[in-house]
$ cat my_file_0.txt   # compact mmCIF, C-alpha atoms and all ligand atoms
# COMPACT_ATOMS: atom_id res chain seq x y z
CA MET A 32 164.83 54.65 123.86
CA SER A 33 164.01 56.35 120.59
CA VAL A 34 161.76 59.41 120.56
CA GLN A 35 158.49 58.54 118.85
CA PRO A 36 158.91 59.82 115.28
CA MET A 37 155.17 60.28 114.83
CA PHE A 38 154.76 62.36 117.97
CA PHE A 39 154.76 65.23 115.51
CA SER A 40 152.15 64.88 112.82
CA PRO A 41 153.68 64.19 109.41
CA LEU A 42 152.02 67.21 107.78
CA VAL A 43 155.40 68.63 106.76
CA ASP A 44 156.49 65.78 104.49
CA THR A 45 156.56 66.75 100.84
CA ALA A 46 157.09 63.23 99.45
CA ASP A 47 155.48 59.87 100.19
CA HIS A 48 158.75 58.17 101.05
CA HIS A 49 159.66 60.72 103.75
CA ARG A 50 157.63 58.99 106.44
CA GLU A 51 159.44 55.72 105.81
CA LEU A 52 162.80 57.52 105.70
CA ARG A 53 162.01 59.24 109.01
CA GLU A 54 161.16 55.95 110.67
CA SER A 55 164.32 54.24 109.40
CA VAL A 56 166.64 57.06 110.48
CA ALA A 57 164.86 57.40 113.84
CA LYS A 58 165.23 53.66 114.44
CA LEU A 59 168.93 53.66 113.64
CA VAL A 60 169.78 56.80 115.61
CA GLY A 61 167.44 55.85 118.45
CA ARG A 62 169.68 52.84 119.13
CA PHE A 63 172.38 55.37 120.04
CA GLY A 64 170.21 58.10 121.56
CA ARG A 65 170.91 61.20 123.57
CA ARG A 66 173.10 59.45 126.12
CA TYR A 67 175.50 58.26 123.43
CA TYR A 68 175.85 61.79 122.04
CA GLN A 69 176.33 63.27 125.52
CA ASP A 70 178.97 60.66 126.25
CA CYS A 71 180.88 61.55 123.05
CA VAL A 72 180.84 65.23 124.02
CA LYS A 73 181.97 64.41 127.56
CA ARG A 74 184.84 62.24 126.32
CA GLY A 75 185.79 64.68 123.56
CA VAL A 76 185.40 62.03 120.85
CA GLU A 77 183.55 61.88 117.56
CA PRO A 78 180.36 59.82 117.27
CA ASP A 79 182.20 57.43 114.92
CA GLU A 80 179.96 54.42 115.45
CA LEU A 81 176.82 56.41 114.67
CA TRP A 82 178.51 58.03 111.67
CA ARG A 83 179.59 54.64 110.33
CA ASP A 84 176.09 53.19 110.67
CA LEU A 85 174.49 56.23 109.03
CA GLY A 86 176.95 55.87 106.15
CA GLU A 87 176.41 52.13 105.76
CA ALA A 88 172.65 52.65 105.66
CA GLY A 89 173.05 55.23 102.88
CA PHE A 90 171.62 58.10 104.93
CA LEU A 91 174.70 60.33 104.61
CA GLY A 92 174.39 60.24 100.84
CA VAL A 93 170.69 60.75 100.26
CA HIS A 94 171.48 64.11 98.60
CA ILE A 95 174.41 62.83 96.52
CA PRO A 96 173.90 61.67 92.90
CA GLU A 97 173.70 57.90 92.39
CA GLU A 98 176.62 57.86 89.95
CA HIS A 99 178.80 59.18 92.79
CA GLY A 100 177.78 56.65 95.39
CA GLY A 101 174.74 58.44 96.80
CA VAL A 102 171.04 57.69 96.79
CA GLY A 103 170.23 60.36 94.21
CA GLY A 104 167.60 62.15 96.27
CA GLY A 105 167.56 65.80 97.17
CA ILE A 106 167.87 68.25 100.02
CA ALA A 107 164.27 67.47 101.03
CA ASP A 108 165.43 63.94 101.84
CA TYR A 109 168.54 65.26 103.55
CA ASN A 110 166.36 67.58 105.66
CA VAL A 111 164.54 64.50 106.93
CA VAL A 112 167.80 62.72 107.82
CA VAL A 113 169.33 65.70 109.63
CA GLU A 114 166.12 66.45 111.52
CA GLU A 115 165.60 62.85 112.62
CA CYS A 116 169.16 62.58 113.96
CA ALA A 117 168.60 65.68 116.08
CA ALA A 118 165.11 64.51 117.10
CA GLN A 119 166.78 61.44 118.59
CA GLY A 120 169.10 63.68 120.62
CA CYS A 121 172.03 63.57 118.19
CA PRO A 122 172.37 66.94 116.43
CA LEU A 123 175.32 66.43 114.08
CA LEU A 124 177.07 69.57 112.81
CA GLN A 125 179.06 67.49 110.34
CA LEU A 126 175.77 66.87 108.51
CA VAL A 127 175.41 70.63 108.05
CA ILE A 128 178.96 70.83 106.70
CA ASN A 129 178.25 67.98 104.24
CA SER A 130 175.20 69.87 103.04
CA ILE A 131 177.38 72.69 101.76
CA THR A 132 180.42 70.80 100.49
CA ALA A 133 178.74 67.91 98.64
CA PRO A 134 176.41 70.07 96.48
CA ILE A 135 179.32 72.38 95.59
CA ILE A 136 181.52 69.47 94.50
CA ALA A 137 178.63 67.83 92.64
CA ALA A 138 177.89 71.08 90.80
CA HIS A 139 181.36 72.51 90.23
CA GLY A 140 184.01 69.87 91.00
CA SER A 141 186.03 68.19 88.26
CA ASP A 142 185.19 64.59 87.38
CA ASP A 143 188.26 63.46 89.34
CA MET A 144 187.21 65.50 92.36
CA LYS A 145 183.70 64.06 92.27
CA ALA A 146 185.03 60.51 91.97
CA LEU A 147 187.54 61.07 94.77
CA TRP A 148 185.28 62.73 97.34
CA LEU A 149 181.57 62.18 96.82
CA PRO A 150 181.42 58.39 97.37
CA GLY A 151 183.42 58.84 100.60
CA ILE A 152 181.07 61.55 101.86
CA ALA A 153 178.12 59.30 100.99
CA ASP A 154 179.42 56.26 102.88
CA GLY A 155 180.93 58.27 105.73
CA SER A 156 184.52 57.21 105.12
CA ARG A 157 185.72 60.71 104.14
CA ARG A 158 185.04 64.15 105.58
CA ILE A 159 185.52 67.64 104.26
CA CYS A 160 185.33 70.75 106.41
CA PHE A 161 184.48 74.23 105.18
CA ALA A 162 186.49 77.42 105.83
CA ILE A 163 185.16 80.81 104.89
CA THR A 164 184.98 82.81 108.15
CA GLU A 165 187.96 84.97 109.11
CA PRO A 166 188.54 87.22 112.12
CA ASP A 167 188.03 90.33 109.95
CA ALA A 168 185.53 88.82 107.53
CA GLY A 169 182.52 87.05 108.98
CA SER A 170 179.22 88.28 107.61
CA ASN A 171 181.12 90.27 104.99
CA THR A 172 182.71 87.58 102.81
CA HIS A 173 184.05 90.17 100.39
CA LYS A 174 186.65 91.12 102.99
CA VAL A 175 188.42 87.75 103.22
CA LYS A 176 192.18 88.19 103.35
CA THR A 177 193.30 84.60 102.86
CA GLN A 178 194.56 84.69 99.32
CA VAL A 179 195.98 82.72 96.43
CA SER A 180 198.43 83.68 93.75
CA SER A 181 199.56 81.80 90.65
CA SER A 182 202.71 79.74 90.94
CA GLY A 183 203.90 77.66 87.97
CA ASN A 184 200.98 75.42 86.96
CA GLY A 185 199.34 75.85 90.33
CA PHE A 186 198.82 78.25 93.21
CA VAL A 187 200.23 79.35 96.54
CA LEU A 188 197.80 79.89 99.42
CA ASN A 189 198.41 82.13 102.46
CA GLY A 190 196.18 83.30 105.30
CA ALA A 191 194.10 82.25 108.27
CA LYS A 192 190.48 81.29 108.96
CA TYR A 193 188.66 80.82 112.23
CA TRP A 194 185.71 78.87 113.52
CA THR A 195 186.54 76.07 111.08
CA SER A 196 184.53 73.13 112.44
CA GLY A 197 185.89 69.61 112.32
CA ILE A 198 189.23 70.15 110.59
CA ASP A 199 190.81 67.80 113.15
CA VAL A 200 188.88 64.85 111.70
CA ALA A 201 188.55 66.03 108.09
CA ASP A 202 190.50 64.65 105.14
CA ALA A 203 190.24 67.91 103.24
CA VAL A 204 189.23 71.52 103.71
CA MET A 205 187.15 73.48 101.22
CA ILE A 206 188.45 77.02 101.44
CA VAL A 207 187.27 80.36 100.06
CA ALA A 208 190.25 82.55 99.14
CA ARG A 209 190.70 85.98 97.67
CA ASP A 210 192.20 85.87 94.19
CA PRO A 211 193.59 89.36 93.41
CA GLU A 212 194.82 88.30 89.96
CA MET A 213 191.18 87.82 88.95
CA GLU A 214 190.04 91.25 90.12
CA THR A 215 188.92 93.58 87.37
CA GLY A 216 189.54 96.91 89.09
CA ASP A 217 185.85 97.63 89.70
CA GLY A 218 186.50 97.58 93.45
CA ARG A 219 184.93 94.13 93.95
CA SER A 220 186.97 91.28 95.33
CA ALA A 221 187.31 88.08 93.31
CA LEU A 222 187.14 84.83 95.24
CA SER A 223 188.24 81.34 94.26
CA LEU A 224 187.39 78.03 95.85
CA PHE A 225 189.89 75.25 96.61
CA LEU A 226 189.90 71.79 98.08
CA LEU A 227 193.12 70.88 99.85
CA PRO A 228 194.07 67.87 101.93
CA THR A 229 194.36 68.54 105.65
CA ASP A 230 197.87 67.03 105.68
CA ALA A 231 199.14 69.62 103.16
CA PRO A 232 202.53 70.99 104.27
CA GLY A 233 201.98 74.49 105.66
CA LEU A 234 198.51 73.80 107.10
CA SER A 235 198.15 73.98 110.86
CA TYR A 236 195.36 74.67 113.35
CA GLN A 237 194.65 75.53 116.97
CA PRO A 238 191.48 74.69 118.89
CA ILE A 239 189.04 77.44 119.87
CA ASP A 240 187.73 77.02 123.40
CA ALA A 241 184.12 76.96 122.17
CA ALA A 242 181.16 76.63 124.53
CA VAL A 243 178.98 74.62 122.13
CA MET A 244 178.48 71.15 123.55
CA THR A 245 178.95 69.17 120.34
CA PRO A 246 181.39 66.43 119.39
CA GLU A 247 182.60 68.61 116.51
CA LYS A 248 185.33 71.02 117.57
CA GLN A 249 186.22 74.43 116.18
CA PHE A 250 189.62 75.71 115.12
CA THR A 251 191.62 78.68 113.95
CA THR A 252 193.36 77.41 110.82
CA PHE A 253 196.58 78.70 109.28
CA TYR A 254 197.68 78.40 105.64
CA ASP A 255 201.35 79.19 105.31
CA ASN A 256 202.72 79.21 101.75
CA ILE A 257 200.73 76.12 100.79
CA ALA A 258 201.56 74.89 97.29
CA LEU A 259 198.44 73.74 95.43
CA ASP A 260 198.41 72.13 92.04
CA GLY A 261 195.81 73.13 89.48
CA SER A 262 193.53 70.22 90.39
CA ALA A 263 192.83 71.80 93.81
CA LEU A 264 190.77 74.56 92.17
CA ILE A 265 187.01 73.97 92.34
CA GLY A 266 185.22 75.13 89.23
CA LYS A 267 186.19 78.45 87.73
CA ARG A 268 188.84 80.78 89.04
CA GLY A 269 187.32 84.00 90.38
CA ALA A 270 183.83 82.46 90.51
CA GLY A 271 184.20 81.18 94.09
CA LEU A 272 181.42 83.21 95.65
CA LYS A 273 178.90 82.30 92.98
CA GLN A 274 179.83 78.65 93.38
CA VAL A 275 179.53 78.75 97.16
CA PHE A 276 175.93 79.88 96.73
CA VAL A 277 175.06 76.37 95.49
CA GLY A 278 175.76 75.15 99.02
CA LEU A 279 174.47 78.07 101.09
CA ASN A 280 170.77 77.29 100.90
CA PRO A 281 171.27 73.58 101.69
CA GLU A 282 173.45 74.67 104.61
CA ARG A 283 170.66 76.91 105.94
CA ILE A 284 168.09 74.17 105.45
CA SER A 285 170.29 71.67 107.32
CA ALA A 286 170.96 74.12 110.14
CA ALA A 287 167.19 74.63 110.41
CA ALA A 288 166.72 70.85 110.36
CA ILE A 289 169.04 70.51 113.35
CA ASN A 290 166.98 73.05 115.28
CA ASN A 291 163.68 71.50 114.23
CA GLY A 292 164.95 68.13 115.42
CA ILE A 293 166.06 69.64 118.72
CA SER A 294 162.60 71.18 119.07
CA ARG A 295 160.95 67.82 118.54
CA PHE A 296 163.25 66.12 121.01
CA ALA A 297 162.58 68.83 123.60
CA LEU A 298 158.81 68.92 123.15
CA SER A 299 158.54 65.12 123.12
CA ARG A 300 160.40 64.98 126.40
CA GLY A 301 158.47 67.96 127.77
CA ALA A 302 155.08 66.45 126.94
CA GLU A 303 156.08 63.07 128.34
CA TYR A 304 157.21 64.63 131.60
CA ALA A 305 154.07 66.79 131.81
CA ARG A 306 151.91 63.66 131.42
CA ASP A 307 153.82 61.66 134.02
CA ARG A 308 154.68 64.13 136.74
CA SER A 309 152.11 64.93 139.40
CA VAL A 310 152.71 67.54 142.07
CA TRP A 311 149.08 68.27 143.18
CA ASN A 312 147.56 64.84 142.53
CA ILE A 313 147.02 65.64 138.87
CA PRO A 314 149.56 65.52 136.06
CA ILE A 315 151.30 68.89 135.74
CA GLY A 316 150.28 68.83 132.04
CA GLN A 317 146.69 69.33 133.18
CA HIS A 318 147.56 72.87 134.28
CA GLN A 319 147.09 75.11 131.28
CA GLY A 320 150.05 77.13 132.51
CA VAL A 321 152.07 74.06 131.53
CA SER A 322 150.18 72.72 128.51
CA HIS A 323 149.54 75.97 126.64
CA PRO A 324 153.18 77.08 126.34
CA LEU A 325 154.01 73.56 125.10
CA ALA A 326 151.18 73.69 122.56
CA GLU A 327 152.24 77.15 121.44
CA ALA A 328 155.81 75.98 121.01
CA TYR A 329 154.53 73.01 118.97
CA ILE A 330 152.70 75.38 116.60
CA HIS A 331 155.83 77.50 116.05
CA VAL A 332 157.92 74.37 115.50
CA GLN A 333 155.48 72.95 112.95
CA ALA A 334 155.45 76.29 111.12
CA ALA A 335 159.26 76.29 111.03
CA ARG A 336 159.29 72.70 109.76
CA LEU A 337 156.77 73.49 107.03
CA LEU A 338 158.87 76.43 105.90
CA ASN A 339 161.98 74.30 105.85
CA ALA A 340 160.32 71.50 103.89
CA ARG A 341 159.15 74.06 101.34
CA ALA A 342 162.65 75.60 101.12
CA ALA A 343 164.12 72.15 100.45
CA GLN A 344 161.44 71.40 97.87
CA LEU A 345 162.12 74.69 96.06
CA TYR A 346 165.85 73.97 96.04
CA ASP A 347 165.32 70.49 94.64
CA ILE A 348 163.15 71.68 91.78
CA GLY A 349 165.70 74.35 90.87
CA GLU A 350 163.67 77.35 91.99
CA ASP A 351 165.12 80.25 93.97
CA ALA A 352 165.14 78.95 97.54
CA ALA A 353 166.99 81.87 99.17
CA GLU A 354 164.01 83.58 100.80
CA ALA A 355 162.52 80.34 102.07
CA ALA A 356 165.84 78.90 103.30
CA ASN A 357 166.77 82.09 105.13
CA MET A 358 163.36 82.39 106.74
CA ALA A 359 163.32 78.69 107.62
CA LYS A 360 166.65 78.96 109.43
CA PHE A 361 165.46 82.08 111.23
CA ALA A 362 162.14 80.51 112.26
CA ALA A 363 163.70 77.21 113.30
CA ALA A 364 166.30 78.88 115.52
CA ASP A 365 163.71 81.00 117.32
CA ALA A 366 161.19 78.17 117.61
CA SER A 367 163.76 75.75 119.00
CA LEU A 368 164.99 78.16 121.65
CA LYS A 369 161.41 78.67 122.86
CA ALA A 370 160.58 74.95 122.67
CA LEU A 371 163.73 73.99 124.52
CA ASP A 372 163.24 76.63 127.18
CA GLN A 373 159.67 75.48 127.76
CA ALA A 374 160.70 71.82 127.93
CA ILE A 375 163.34 72.76 130.51
CA GLN A 376 160.73 74.77 132.45
CA VAL A 377 158.29 71.84 132.50
CA HIS A 378 161.01 69.65 133.99
CA GLY A 379 161.46 71.95 136.99
CA GLY A 380 164.89 71.44 138.52
CA ASN A 381 165.39 68.29 136.46
CA GLY A 382 165.45 70.47 133.35
CA LEU A 383 168.85 71.69 134.39
CA SER A 384 170.24 68.23 135.05
CA TYR A 385 172.48 66.58 132.54
CA GLU A 386 170.51 63.35 132.93
CA PHE A 387 167.41 64.73 131.22
CA GLY A 388 169.43 65.78 128.20
CA LEU A 389 167.84 69.18 127.59
CA ALA A 390 169.89 72.03 129.02
CA ASP A 391 173.06 71.04 127.18
CA LEU A 392 171.17 71.27 123.85
CA TRP A 393 170.80 75.00 124.35
CA PHE A 394 174.26 75.81 122.99
CA ILE A 395 173.82 74.19 119.60
CA ALA A 396 170.24 75.50 119.31
CA ARG A 397 171.52 78.99 120.07
CA LEU A 398 174.39 78.61 117.61
CA HIS A 399 172.02 78.75 114.67
CA LYS A 400 170.78 82.17 115.64
CA THR A 401 174.30 83.32 114.74
CA ALA A 402 175.59 80.78 112.21
CA PRO A 403 175.86 79.89 109.39
CA VAL A 404 174.24 83.25 108.74
CA SER A 405 173.15 85.56 111.54
CA ARG A 406 169.53 86.49 112.13
CA GLU A 407 170.39 90.13 111.34
CA MET A 408 171.73 89.14 107.91
CA VAL A 409 168.54 87.13 107.31
CA LEU A 410 166.49 90.19 108.23
CA ASN A 411 168.65 92.25 105.85
CA HIS A 412 167.94 89.75 103.09
CA VAL A 413 164.20 89.76 103.66
CA ALA A 414 164.01 93.56 104.04
CA GLN A 415 165.97 94.10 100.85
CA HIS A 416 165.03 91.24 98.54
CA SER A 417 161.53 90.32 99.71
CA MET A 418 160.28 93.78 100.66
CA GLY A 419 162.26 96.11 98.40
CA LEU A 420 163.68 98.15 101.25
CA PRO A 421 167.02 99.93 100.77
CA LYS A 422 170.20 98.01 101.52
CA SER A 423 171.51 99.08 104.91
CA TYR A 424 175.19 98.23 104.60
C1 LIG B 1 180.26 76.80 116.75
C2 LIG B 1 180.54 77.52 115.46
C3 LIG B 1 180.87 76.78 114.34
C4 LIG B 1 181.20 77.43 113.16
N1 LIG B 1 181.63 76.67 112.07
C5 LIG B 1 182.10 77.31 110.98
C6 LIG B 1 182.70 76.56 109.92
O1 LIG B 1 182.77 75.33 109.95
N2 LIG B 1 183.24 77.24 108.86
C7 LIG B 1 183.18 78.61 108.80
O2 LIG B 1 183.71 79.17 107.82
N3 LIG B 1 182.60 79.35 109.78
C8 LIG B 1 182.07 78.74 110.86
N4 LIG B 1 181.51 79.47 111.88
C9 LIG B 1 181.46 80.93 111.78
C10 LIG B 1 180.06 81.52 111.59
O3 LIG B 1 179.57 81.19 110.31
C11 LIG B 1 180.14 83.02 111.84
O4 LIG B 1 180.38 83.20 113.23
C12 LIG B 1 178.89 83.75 111.42
O5 LIG B 1 178.77 83.75 110.01
C13 LIG B 1 178.93 85.25 111.88
O6 LIG B 1 180.13 85.85 111.50
P1 LIG B 1 181.01 86.61 112.60
O7 LIG B 1 181.20 85.71 113.78
O8 LIG B 1 182.24 87.14 111.96
O9 LIG B 1 180.11 87.81 113.07
P2 LIG B 1 180.15 89.33 112.48
O10 LIG B 1 180.03 89.32 110.99
O11 LIG B 1 181.31 90.04 113.09
O12 LIG B 1 178.81 89.89 113.10
C14 LIG B 1 178.70 90.26 114.49
C15 LIG B 1 177.26 90.76 114.74
O13 LIG B 1 176.99 91.91 113.93
C16 LIG B 1 175.85 91.68 113.14
N5 LIG B 1 176.03 92.30 111.82
C17 LIG B 1 177.10 92.21 110.99
N6 LIG B 1 176.85 92.86 109.84
C18 LIG B 1 175.60 93.36 109.94
C19 LIG B 1 174.76 94.11 109.06
N7 LIG B 1 175.16 94.49 107.85
N8 LIG B 1 173.52 94.44 109.49
C20 LIG B 1 173.07 94.06 110.72
N9 LIG B 1 173.82 93.34 111.58
C21 LIG B 1 175.06 92.99 111.20
C22 LIG B 1 175.75 90.18 113.00
O14 LIG B 1 174.43 89.79 112.69
C23 LIG B 1 176.21 89.71 114.36
O15 LIG B 1 175.13 89.76 115.26
C24 LIG B 1 181.14 78.85 113.08
C25 LIG B 1 180.76 79.59 114.21
C26 LIG B 1 180.47 78.95 115.39
C27 LIG B 1 180.12 79.79 116.59
$ encode --input "my_file_0.txt" --output "structure tokens"
Amino acid sequence: MSVQPMFFSPLVDTADHHRELRESVAKLVGRFGRRYYQDCVKRGVEPDELWRDLGEAGFLGVHIPEEHGGVGGGIADYNVVVEECAAQGCPLLQLVINSITAPIIAAHGSDDMKALWLPGIADGSRRICFAITEPDAGSNTHKVKTQVSSSGNGFVLNGAKYWTSGIDVADAVMIVARDPEMETGDGRSALSLFLLPTDAPGLSYQPIDAAVMTPEKQFTTFYDNIALDGSALIGKRGAGLKQVFVGLNPERISAAAINNGISRFALSRGAEYARDRSVWNIPIGQHQGVSHPLAEAYIHVQAARLLNARAAQLYDIGEDAAEAANMAKFAAADASLKALDQAIQVHGGNGLSYEFGLADLWFIARLHKTAPVSREMVLNHVAQHSMGLPKSY
């Protein structure tokens, strides 16, 4: 059964076609539903059937230019797709990964790279994972140790990353590497960005025993003397960090969209249960102790969704979306954890059962308090850039 898409008022939509897009995505994903996703997690398999259908319907490529096989829309459209998948009980981390890799390739990839990868991302036939985090360089990207050096007409890559999601099913990995030859001696690290096939000799990975209950798995990845030809370089050598920024705001918006979708799923289920369940001859939703926390959660969720829609809109019109995208991710993570907790509470003991599909959403909702950027780094950004306070680190 699909969750009613209009249970939440459509006040957040910034374009006329969003309502129609929401309904189409909800209909498609609703055919799979929460049970399908839970079953994939339980069996340790990817949601391939859902992914294929999303690709065939064009939903995976709404943010990819038409000349590269996409629909030619923007991140505002993508926000709708990601949120609706999660609202139907299918929060897909791979959608967040695609929101960083596709814009970077579209903006900085060579023509060959665009032709090779973007149509496949749009139709779901190809996947790219993203590797920036390292054991000694998480929030501080300047400290990455994985590095490249020139070799003939190409490069050699050495190092290790961790928490790389989905490399086991990806065709290529987009990797951020230190490039000492491009450093100017001003004490700042130079970073370059590469796209390498996951079957490159010298690439290996080991699973991390992660607690998140998602089909996507996480890995420590090793790059041992990997020979790259010049075509593996994305954009300009030494400009990796600047180029990654093209994808960071879409990534935050998509992460927020996952949480907003989880919130809607949880509150829809919570409200339904509160209407149906009677313990004292009246529906439990008639007790204000039950209805008010749900209503309060709804308000926070709608505020988070509005912020996210605005962030996406700013990004699409080429304005600075950093403040809005950071705040949207922050607000969505907090709102979803409260909404989910309240939905679980309303369900009594059933809230903790797998059958009702709520408790196991906690892990992915909680993830986005930490990743792709932690709430503390968002607060640092707002304190420094929005409020003019001194940088603390
Ligand atoms: C399930 C999962 C999937 C992931 N997928 C990917 C992926 O696909 N690709 C990828 O590259 N990475 C991925 N990550 C990594 C994720 O992006 C990082 O975990 C996240 O950016 C935080 O980095 P860290 O873990 O190194 O924490 P750290 O940087 O070590 O931070 C630890 C704590 O200290 C705080 N802190 C650090 N610096 C400051 C400061 N200056 N001021 C205040 N507080 C600070 C942080 O906010 C945090 O609370 C994933 C992580 C998880 C858990």
$ atom_distance --input "my_file_0.txt" --atom1 "CA of Gln319 in chain A" --atom2 "CA of His331 in chain A"
17.7 Å
$ closest_residue --input "my_file_0.txt" --among "A:Thr252, A:Gln274, A:Ser309, A:Ser285" --to "ligand LIG 1 (chain B)" --atoms "only C-alpha atoms and all ligand atoms"
A:Thr252
$ closest_residue --input "my_file_0.txt" --among "A:Ser156, A:Asn291, A:Gln317, A:Thr172" --to "ligand LIG 1 (chain B)" --atoms "only C-alpha atoms and all ligand atoms"
A:Thr172
$ closest_atom_pairs --input "my_file_0.txt" --of "chain A" --to "ligand LIG 1 (chain B)" --cutoff "8 Å" --atoms "only C-alpha atoms and all ligand atoms" --output "tab-separated table"
residue	atom	partner	partner_atom	distance
A:Ile128	CA	B:LIG1	O1	6.7
A:Cys160	CA	B:LIG1	O1	6.3
A:Phe161	CA	B:LIG1	N2	4.9
A:Ala162	CA	B:LIG1	O2	3.8
A:Ile163	CA	B:LIG1	O2	3.7
A:Thr164	CA	B:LIG1	O2	3.9
A:Glu165	CA	B:LIG1	O8	6.7
A:Pro166	CA	B:LIG1	O8	6.3
A:Asp167	CA	B:LIG1	O8	6.9
A:Ala168	CA	B:LIG1	O8	5.8
A:Gly169	CA	B:LIG1	O8	3.0
A:Ser170	CA	B:LIG1	O10	3.6
A:Asn171	CA	B:LIG1	O10	6.2
A:Lys192	CA	B:LIG1	O2	7.2
A:Tyr193	CA	B:LIG1	N3	6.7
A:Trp194	CA	B:LIG1	C8	4.5
A:Thr195	CA	B:LIG1	O1	4.0
A:Ser196	CA	B:LIG1	O1	3.8
A:Gly197	CA	B:LIG1	O1	6.9
A:Ala241	CA	B:LIG1	C1	6.7
A:Ala242	CA	B:LIG1	C1	7.8
A:Val243	CA	B:LIG1	C1	5.9
A:Lys248	CA	B:LIG1	C1	7.7
A:Gln249	CA	B:LIG1	C3	6.1
A:Ile395	CA	B:LIG1	C1	7.5
A:Leu398	CA	B:LIG1	C27	5.9
A:Thr401	CA	B:LIG1	C12	5.7
A:Ala402	CA	B:LIG1	O3	4.4
A:Pro403	CA	B:LIG1	O3	4.0
A:Val404	CA	B:LIG1	O5	4.7
A:Ser405	CA	B:LIG1	O14	4.6
A:Arg406	CA	B:LIG1	O14	5.9
A:Glu407	CA	B:LIG1	O14	4.3
A:Met408	CA	B:LIG1	O14	5.5
A:Asn411	CA	B:LIG1	N8	6.5
A:Ser423	CA	B:LIG1	N7	6.6
A:Tyr424	CA	B:LIG1	N7	5.0
$ closest_residue --input "my_file_0.txt" --among "A:Ala107, A:Met358, A:Leu224, A:Ile315" --to "Val377 in chain A" --atoms "all atoms listed in the file"
A:Ile315
$ atom_distance --input "my_file_0.txt" --atom1 "CA of Val56 in chain A" --atom2 "CA of Val102 in chain A"
14.4 Å
$ atom_distance --input "my_file_0.txt" --atom1 "CA of Asp217 in chain A" --atom2 "CA of Ala270 in chain A"
15.3 Å
$ residues_around --input "my_file_0.txt" --residues "Val113 in chain A" --least-positions-apart "6" --cutoff "9 Å" --atoms "all atoms listed in the file" --output "list of chain:residue names"
A:Pro122, A:Leu123, A:Leu126, A:Val127, A:Ser285, A:Ala286, A:Ala288, A:Ile289, A:Gly292
$ write_last_selection --input "my_file_0.txt" --atoms "C-alpha atoms" --output "JSON list (two decimals), in the coordinates of the input"
[["chain", "number", "residue", "atom", "x", "y", "z"],
["A", 122, "PRO", "CA", 172.37, 66.94, 116.43],
["A", 123, "LEU", "CA", 175.32, 66.43, 114.08],
["A", 126, "LEU", "CA", 175.77, 66.87, 108.51],
["A", 127, "VAL", "CA", 175.41, 70.63, 108.05],
["A", 285, "SER", "CA", 170.29, 71.67, 107.32],
["A", 286, "ALA", "CA", 170.96, 74.12, 110.14],
["A", 288, "ALA", "CA", 166.72, 70.85, 110.36],
["A", 289, "ILE", "CA", 169.04, 70.51, 113.35],
["A", 292, "GLY", "CA", 164.95, 68.13, 115.42]]
$ closest_residue --input "my_file_0.txt" --among "A:Val413, A:Leu149, A:Ala359, A:Ala57" --to "Gly103 in chain A" --atoms "only C-alpha atoms"
A:Leu149
$ closest_atom_pairs --input "my_file_0.txt" --of "range 61-169 of chain A" --to "range 280-284 of chain A" --cutoff "12 Å" --atoms "only C-alpha atoms" --output "Markdown table"
| residue | atom | partner | partner_atom | distance |
| --- | --- | --- | --- | --- |
| A:His94 | CA | A:Pro281 | CA | 10.0 |
| A:Gly105 | CA | A:Pro281 | CA | 9.7 |
| A:Ile106 | CA | A:Pro281 | CA | 6.5 |
| A:Ala107 | CA | A:Ile284 | CA | 8.9 |
| A:Asp108 | CA | A:Ile284 | CA | 11.2 |
| A:Tyr109 | CA | A:Pro281 | CA | 9.0 |
| A:Asn110 | CA | A:Ile284 | CA | 6.8 |
| A:Val111 | CA | A:Ile284 | CA | 10.4 |
| A:Val112 | CA | A:Ile284 | CA | 11.7 |
| A:Val113 | CA | A:Ile284 | CA | 9.5 |
| A:Glu114 | CA | A:Ile284 | CA | 10.0 |
| A:Leu124 | CA | A:Glu282 | CA | 10.3 |
| A:Gln125 | CA | A:Glu282 | CA | 10.8 |
| A:Leu126 | CA | A:Glu282 | CA | 9.0 |
| A:Val127 | CA | A:Glu282 | CA | 5.7 |
| A:Ile128 | CA | A:Glu282 | CA | 7.0 |
| A:Asn129 | CA | A:Glu282 | CA | 8.2 |
| A:Ser130 | CA | A:Glu282 | CA | 5.3 |
| A:Ile131 | CA | A:Glu282 | CA | 5.2 |
| A:Thr132 | CA | A:Glu282 | CA | 9.0 |
| A:Ala133 | CA | A:Pro281 | CA | 9.9 |
| A:Pro134 | CA | A:Pro281 | CA | 8.1 |
| A:Ile135 | CA | A:Pro281 | CA | 10.2 |
| A:Phe161 | CA | A:Glu282 | CA | 11.1 |
$ closest_residue --input "my_file_0.txt" --among "A:Asn256, A:Asn290, A:Thr45, A:Ser40" --to "Asp347 in chain A" --atoms "only C-alpha atoms"
A:Thr45
$ closest_residue --input "my_file_0.txt" --among "A:Phe63, A:Phe276, A:Tyr385, A:Trp393" --to "Ile293 in chain A" --atoms "all atoms listed in the file"
A:Trp393
$ closest_atom_pairs --input "my_file_0.txt" --of "range 275-379 of chain A" --to "range 65-86 of chain A" --cutoff "12 Å" --atoms "all atoms listed in the file" --output "CSV"
residue,atom,partner,partner_atom,distance
A:Ile293,CA,A:Arg65,CA,10.9
A:Phe296,CA,A:Arg65,CA,9.5
A:Ala297,CA,A:Arg65,CA,11.3
A:Arg300,CA,A:Arg65,CA,11.5
$ residues_around --input "my_file_0.txt" --residues "Ile257 in chain A" --least-positions-apart "2" --cutoff "6 Å" --atoms "only C-alpha atoms" --output "PDB file with C-alpha atoms, in the coordinates of the input"
ATOM      1  CA  VAL A 187     200.230  79.350  96.540  1.00  0.00           C
ATOM      2  CA  LEU A 188     197.800  79.890  99.420  1.00  0.00           C
ATOM      3  CA  GLY A 233     201.980  74.490 105.660  1.00  0.00           C
ATOM      4  CA  ASP A 255     201.350  79.190 105.310  1.00  0.00           C
TER       5      ASP A 255
END
